[in-house]
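Colleague: Here it is, the structure, as structure tokens.
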Amino acid sequence: MKCMTVCPSRGNGSKVKDMKKIYGNSQLLATLAGMRESGRTAHSLIFYGEKGSGRKLMAEYYTSQLLCESPVNGAPCGKCAACRNVSSMAHPDVTYVPTEGKLGGYTANIARAVIRDSVVKPNNHTGRKVYIFRDCNKMSPITQNILLKLIEEPPDHAYFIFTAESKYEFLPTIISRCVCFGVSPCTEAEAEESLLGSGYDSREVSAAVECFHGNIGQCTDYIVDPELRKRVDLTKRLADSIIEKDEYGLNLALFSLGSSRNDIREVLSMTDKLVRDCAVLNRNAGAALIGCYREGARKLSGMVTAYQAVRLHERIEKAWGAMEANVNPPLVLAALSAEMIEIVR
């Protein structure tokens, strides 16, 4: 199948890796183990959760469960050739469905190629093959409708795993035919244990967990990606400007984002979480926080009401909606700056 690529690492002589340990999500892991032990494995699953929460890792784990040669109490052994090949993204019966086109999406052509390939039986002792669709945010309705019949009546040997930030990225008809599992970040202590176990410096780990809490993926990105650290610093500048009611400073910080929609989306998302923390702190001073700037959220909660926090959230959503509609980013951000300062004055 010409347009289907299993994994870029295949054939590159990459070393076979051990399975990664999964932290948190104990109830989800127990549910998956129960499905495997009972022989009632689902043919179509959606793993959803925020970026960095481990939804792709959970998809890999379920794939290992399906193909493991010696499962232990429903869990993959992590040692057999199948488990190790899945961890290395080199298993011959696991297809990481590729995206294509300028937008990097799952096209109708790709969906039809999966349908054609799915009827080919696998060559392993379990008699199963797995297709993994990663990051299905904004998978087009056309593509989903093409896949619908396959998901509804899959070949006995074929399994389909989708990952996305929200299950509502999918059509109701797809959701109703899949088993959907939310993947949650783990505790901050578990995140620290994971990061320290990966060999990161303790000071870097503390700074990462301070910003991204139990989200191991985001914590890791914070440590290794200087661009993410810049976006976090910019988010803190935005918060400080709002707290100080400094419209010029807020405009300057937003202007520095330029026109990169990816950067704008991430910064607005982090700012929105900070505003959420502010609203929660208004109700409960001891509440758990999810934003990257705890001190800023506490300061902001002391100067705005929960109602004002909701209005700030609405303005952020409105700004992102305008940019998705291709309104000029600098104009949108300038308007956002004026509206946010007006709310907090």
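Ordering of the structure tokens sets the chain letters (A, B, ...); residue numbers start at 1 within each chain; ligands are numbered from 1 in the order shown.
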Set the distance at 12 Å and use only C-alpha atoms: which residues neighbour Glu60 in chain A once local chain neighbours fewer than 6 positions away are removed? I'd like the list as a ChimeraX atom specification.

Modeller: /A:19-22,47,54,66-68,76,78,82-91,94-96,130-134,160-163

Colleague: If you keep C-alpha atoms, can you produce a file of those selected residues as an mmCIF file, in the first residue's frame?

Modeller:
```cif
data_model
loop_
_atom_site.group_PDB
_atom_site.id
_atom_site.type_symbol
_atom_site.label_atom_id
_atom_site.label_comp_id
_atom_site.auth_asym_id
_atom_site.auth_seq_id
_atom_site.Cartn_x
_atom_site.Cartn_y
_atom_site.Cartn_z
ATOM 1 C CA MET A 19 8.246 -0.416 27.435
ATOM 2 C CA LYS A 20 7.850 2.932 29.131
ATOM 3 C CA LYS A 21 6.409 2.930 32.619
ATOM 4 C CA ILE A 22 2.997 4.562 32.870
ATOM 5 C CA PHE A 47 -7.852 7.908 23.999
ATOM 6 C CA GLY A 54 0.074 10.411 27.795
ATOM 7 C CA LEU A 66 -3.251 -6.784 22.011
ATOM 8 C CA LEU A 67 -0.026 -8.202 20.571
ATOM 9 C CA CYS A 68 1.870 -9.389 23.674
ATOM 10 C CA PRO A 76 1.658 -6.661 28.509
ATOM 11 C CA GLY A 78 7.039 -5.664 28.273
ATOM 12 C CA ALA A 82 6.146 -8.116 20.296
ATOM 13 C CA CYS A 83 6.175 -5.702 23.256
ATOM 14 C CA ARG A 84 9.678 -4.524 22.495
ATOM 15 C CA ASN A 85 8.902 -4.028 18.824
ATOM 16 C CA VAL A 86 5.790 -2.002 19.675
ATOM 17 C CA SER A 87 7.884 0.212 21.975
ATOM 18 C CA SER A 88 10.362 0.732 19.133
ATOM 19 C CA MET A 89 7.542 1.494 16.651
ATOM 20 C CA ALA A 90 8.862 -1.382 14.536
ATOM 21 C CA HIS A 91 6.168 -4.038 14.804
ATOM 22 C CA VAL A 94 1.224 -1.995 13.728
ATOM 23 C CA THR A 95 0.526 0.836 11.285
ATOM 24 C CA TYR A 96 1.025 4.421 12.405
ATOM 25 C CA VAL A 130 -3.420 -2.446 14.785
ATOM 26 C CA TYR A 131 -3.890 0.939 13.118
ATOM 27 C CA ILE A 132 -3.040 4.004 15.206
ATOM 28 C CA PHE A 133 -4.363 7.447 14.249
ATOM 29 C CA ARG A 134 -2.442 9.968 16.365
ATOM 30 C CA PHE A 160 -8.230 0.931 15.398
ATOM 31 C CA ILE A 161 -6.915 3.387 17.979
ATOM 32 C CA PHE A 162 -7.473 7.144 17.811
ATOM 33 C CA THR A 163 -5.940 9.857 20.000
#
```

Colleague: Excluding same-chain residues fewer than 5 positions from Arg112 in chain A, what lies within 12 Å of it counting only C-alpha atoms, as a compact mmCIF listing (two decimals) with N, CA and C atoms, in the first residue's frame?

Modeller:
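Produced file around.txt, reproduced below:
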```txt
# COMPACT_ATOMS: atom_id res chain seq x y z
N MET A 1 0.86 -1.18 0.00
CA MET A 1 0.00 0.00 0.00
C MET A 1 0.89 1.22 0.00
N CYS A 3 0.82 4.54 0.01
CA CYS A 3 0.76 5.73 0.84
C CYS A 3 0.80 5.43 2.33
N MET A 4 0.84 4.15 2.71
CA MET A 4 0.88 3.81 4.13
C MET A 4 2.31 3.62 4.59
N VAL A 97 -0.75 5.41 11.13
CA VAL A 97 -1.37 5.96 9.92
C VAL A 97 -0.81 7.35 9.67
N TYR A 106 -5.62 13.79 8.18
CA TYR A 106 -5.97 12.46 7.67
C TYR A 106 -6.96 12.66 6.52
N THR A 107 -6.49 12.44 5.30
CA THR A 107 -7.30 12.71 4.13
C THR A 107 -8.18 11.53 3.76
N ASP A 117 -6.14 -1.90 3.18
CA ASP A 117 -5.10 -2.66 3.86
C ASP A 117 -5.67 -3.51 5.00
N SER A 118 -6.77 -3.07 5.58
CA SER A 118 -7.30 -3.75 6.77
C SER A 118 -7.78 -5.18 6.50
N VAL A 119 -8.07 -5.50 5.26
CA VAL A 119 -8.55 -6.85 4.96
C VAL A 119 -7.40 -7.85 4.87
N ILE A 142 -15.53 14.26 6.36
CA ILE A 142 -15.47 13.39 5.19
C ILE A 142 -14.65 12.14 5.50
N THR A 143 -13.46 12.34 6.08
CA THR A 143 -12.59 11.21 6.43
C THR A 143 -13.27 10.31 7.45
N GLN A 144 -13.90 10.91 8.46
CA GLN A 144 -14.56 10.12 9.49
C GLN A 144 -15.70 9.29 8.91
N ASN A 145 -16.45 9.87 8.01
CA ASN A 145 -17.56 9.12 7.40
C ASN A 145 -17.07 7.98 6.52
N ILE A 146 -15.92 8.17 5.88
CA ILE A 146 -15.34 7.09 5.09
C ILE A 146 -14.94 5.93 6.00
N LEU A 147 -14.40 6.25 7.18
CA LEU A 147 -13.96 5.23 8.12
C LEU A 147 -15.11 4.59 8.90
N LEU A 148 -16.26 5.23 8.89
CA LEU A 148 -17.36 4.79 9.76
C LEU A 148 -17.74 3.33 9.56
N LYS A 149 -17.91 2.89 8.32
CA LYS A 149 -18.32 1.51 8.06
C LYS A 149 -17.27 0.53 8.55
N LEU A 150 -15.99 0.90 8.39
CA LEU A 150 -14.90 0.03 8.84
C LEU A 150 -14.91 -0.10 10.36
```

Colleague: Show me a table, sorted first by chain and then by increasing residue number, of the residues of range 126-186 of chain A having an atom at most 12 Å from range 203-221 of chain A, each with its shortest atom pair and the distance in Å to one decimal, counting only C-alpha atoms and written as a Markdown table.

Modeller:
```
| residue | atom | partner | partner_atom | distance |
| --- | --- | --- | --- | --- |
| A:Val183 | CA | A:Asn215 | CA | 10.6 |
| A:Ser184 | CA | A:Asn215 | CA | 8.2 |
| A:Pro185 | CA | A:Asn215 | CA | 4.8 |
| A:Cys186 | CA | A:Gly214 | CA | 4.7 |
```

Colleague: Please save C-alpha atoms of the selected residues as a CSV table (one decimal), in the first residue's frame.

Modeller:
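out-v6.csv was written with the following content:
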```
chain,number,residue,atom,x,y,z
A,183,VAL,CA,-6.3,10.1,30.0
A,184,SER,CA,-5.4,12.3,32.9
A,185,PRO,CA,-2.1,13.8,34.1
A,186,CYS,CA,-0.6,12.1,37.1
```

Colleague: Within 7 Å of Cys278 in chain A, counting only C-alpha atoms, which residues qualify if same-chain residues fewer than 4 places away don't, as a list in words?

Modeller: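 Using only C-alpha atoms, the neighbours found are Leu274, Asn282, Ala297, Arg298, Leu300, Ser301 and Ala309 of chain A.
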
Colleague: Generate a file of the selected residues that holds N, CA and C atoms, formatted as a PDB file, in the first residue's frame.

Modeller:
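Result file follows (part-v3.pdb):
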```pdb
ATOM      1  N   LEU A 274      -4.497  30.028  33.404  1.00  0.00           N
ATOM      2  CA  LEU A 274      -4.187  30.913  34.522  1.00  0.00           C
ATOM      3  C   LEU A 274      -5.453  31.642  34.985  1.00  0.00           C
ATOM      4  N   ASN A 282     -10.866  32.145  43.674  1.00  0.00           N
ATOM      5  CA  ASN A 282     -11.885  33.025  44.241  1.00  0.00           C
ATOM      6  C   ASN A 282     -12.886  32.243  45.074  1.00  0.00           C
ATOM      7  N   ALA A 297      -1.588  33.694  39.318  1.00  0.00           N
ATOM      8  CA  ALA A 297      -3.009  33.375  39.509  1.00  0.00           C
ATOM      9  C   ALA A 297      -3.502  33.861  40.866  1.00  0.00           C
ATOM     10  N   ARG A 298      -2.665  33.702  41.885  1.00  0.00           N
ATOM     11  CA  ARG A 298      -3.065  34.152  43.230  1.00  0.00           C
ATOM     12  C   ARG A 298      -3.181  35.674  43.282  1.00  0.00           C
ATOM     13  N   LEU A 300      -3.808  37.673  40.735  1.00  0.00           N
ATOM     14  CA  LEU A 300      -4.954  38.069  39.926  1.00  0.00           C
ATOM     15  C   LEU A 300      -6.263  37.789  40.654  1.00  0.00           C
ATOM     16  N   SER A 301      -6.311  36.686  41.398  1.00  0.00           N
ATOM     17  CA  SER A 301      -7.545  36.347  42.127  1.00  0.00           C
ATOM     18  C   SER A 301      -7.848  37.359  43.221  1.00  0.00           C
ATOM     19  N   ALA A 309     -13.246  37.004  35.876  1.00  0.00           N
ATOM     20  CA  ALA A 309     -12.418  35.923  35.334  1.00  0.00           C
ATOM     21  C   ALA A 309     -13.131  35.212  34.197  1.00  0.00           C
TER      22      ALA A 309
END
```

Colleague: Give the answer as one residue: which of A:Thr173, A:Ser26, A:Thr41, A:Asn251 has the shortest atom-to-atom distance to Ala334 in chain A, using only C-alpha atoms?

Modeller: A:Asn251

Colleague: Mind pulling up the distance from CA of Lys56 in chain A to CA of Asn73 in chain A?

Modeller: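 CA of Lys56 in chain A lies at a distance of 22.4 Å from CA of Asn73 in chain A.
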
Colleague: Let me make sure I understand: among A:Met139, A:Leu254, A:Val179, A:Ala59, which one has the smallest atom-to-atom distance to Arg40 in chain A if we use only C-alpha atoms?

Modeller: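 Of A:Met139, A:Leu254, A:Val179, A:Ala59, the one nearest Arg40 in chain A is A:Val179, counting only C-alpha atoms.
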
Colleague: Work out how far CA of Lys102 in chain A is from CA of Asp272 in chain A, in Å to one decimal.

Modeller: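 Atom-to-atom, CA of Asp272 in chain A and CA of Lys102 in chain A are spaced 28.6 Å apart.
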
Colleague: Please provide as JSON, numbers by chain all residues within 9 Å of range 256-258 of chain A, with the sequence filter that same-chain residues fewer than 6 positions apart are discarded (counting only C-alpha atoms).

Modeller: {"A": [231, 234, 264, 267, 329, 330]}

Colleague: Step one, run DSSP on the backbone; step two, keep only residues of range 233-290 of chain A assigned to alpha helix (DSSP H); then write them as a PyMOL selection string.

Modeller: chain A and resi 233-243+247-255+261-283

Colleague: Using DSSP secondary structure from the backbone, list all strand (DSSP E or B) positions within range 174-263 of chain A, as number ranges by chain.

Modeller: A: 179-182

Colleague: For Ala306 in chain A, find every residue with an atom within 12 Å (counting only C-alpha atoms), except residues of its own chain fewer than 3 positions away, and show them as a PyMOL selection string.

Modeller: chain A and resi 275-284+300-303+309-313+343-344

Colleague: Selected residues, C-alpha atoms, written as a short mmCIF file (atom, residue, chain, number, x, y, z; two decimals), in the first residue's frame, please.

Modeller:
```cif
data_model
loop_
_atom_site.label_atom_id
_atom_site.label_comp_id
_atom_site.auth_asym_id
_atom_site.auth_seq_id
_atom_site.Cartn_x
_atom_site.Cartn_y
_atom_site.Cartn_z
CA VAL A 275 -7.52 32.76 34.34
CA ARG A 276 -9.26 29.49 35.25
CA ASP A 277 -6.99 29.18 38.31
CA CYS A 278 -7.89 32.74 39.27
CA ALA A 279 -11.62 31.94 39.16
CA VAL A 280 -11.14 28.74 41.18
CA LEU A 281 -9.07 30.53 43.81
CA ASN A 282 -11.89 33.02 44.24
CA ARG A 283 -14.03 30.13 45.43
CA ASN A 284 -11.42 28.06 47.23
CA LEU A 300 -4.95 38.07 39.93
CA SER A 301 -7.55 36.35 42.13
CA GLY A 302 -7.03 39.08 44.71
CA MET A 303 -8.01 41.82 42.29
CA ALA A 309 -12.42 35.92 35.33
CA VAL A 310 -15.21 34.37 33.28
CA ARG A 311 -15.29 37.48 31.07
CA LEU A 312 -11.52 37.23 30.55
CA HIS A 313 -11.97 33.59 29.54
CA ILE A 343 -12.36 44.14 32.29
CA VAL A 344 -9.82 44.43 35.13
#
```

Colleague: May I ask which of the residues A:Ile341, A:Cys77, A:Glu324, A:Glu190 is the closest one to Tyr248 in chain A, counting only C-alpha atoms?

Modeller: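 Using only C-alpha atoms, Tyr248 in chain A sits closest to A:Ile341.
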
Colleague: In Å to one decimal, how far is CA of Leu57 in chain A from CA of Arg36 in chain A?

Modeller: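 Between these atoms lies a distance of 17.4 Å.
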
Colleague: So that I can see what lies close to range 165-171 of chain A, please list as a list of chain:residue names the residues with an atom at most 6 Å from it, counting only C-alpha atoms and leaving out residues fewer than 4 positions away in the same chain.

Modeller: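 Using only C-alpha atoms, the neighbours found are A:Tyr48, A:Gly49, A:Glu50, A:Asn137.
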
Colleague: Output N, CA and C atoms for every residue in that selection, as a CSV table (one decimal), in the first residue's frame.

Modeller:
```
chain,number,residue,atom,x,y,z
A,48,TYR,N,-8.3,10.1,24.8
A,48,TYR,CA,-8.3,11.6,24.7
A,48,TYR,C,-7.8,12.2,26.0
A,49,GLY,N,-7.2,13.4,25.8
A,49,GLY,CA,-6.7,14.1,27.0
A,49,GLY,C,-5.8,15.3,26.5
A,50,GLU,N,-5.5,16.2,27.4
A,50,GLU,CA,-4.7,17.3,27.0
A,50,GLU,C,-3.3,16.9,26.5
A,137,ASN,N,-7.1,15.7,16.1
A,137,ASN,CA,-7.8,17.0,16.2
A,137,ASN,C,-8.1,17.5,14.8
```
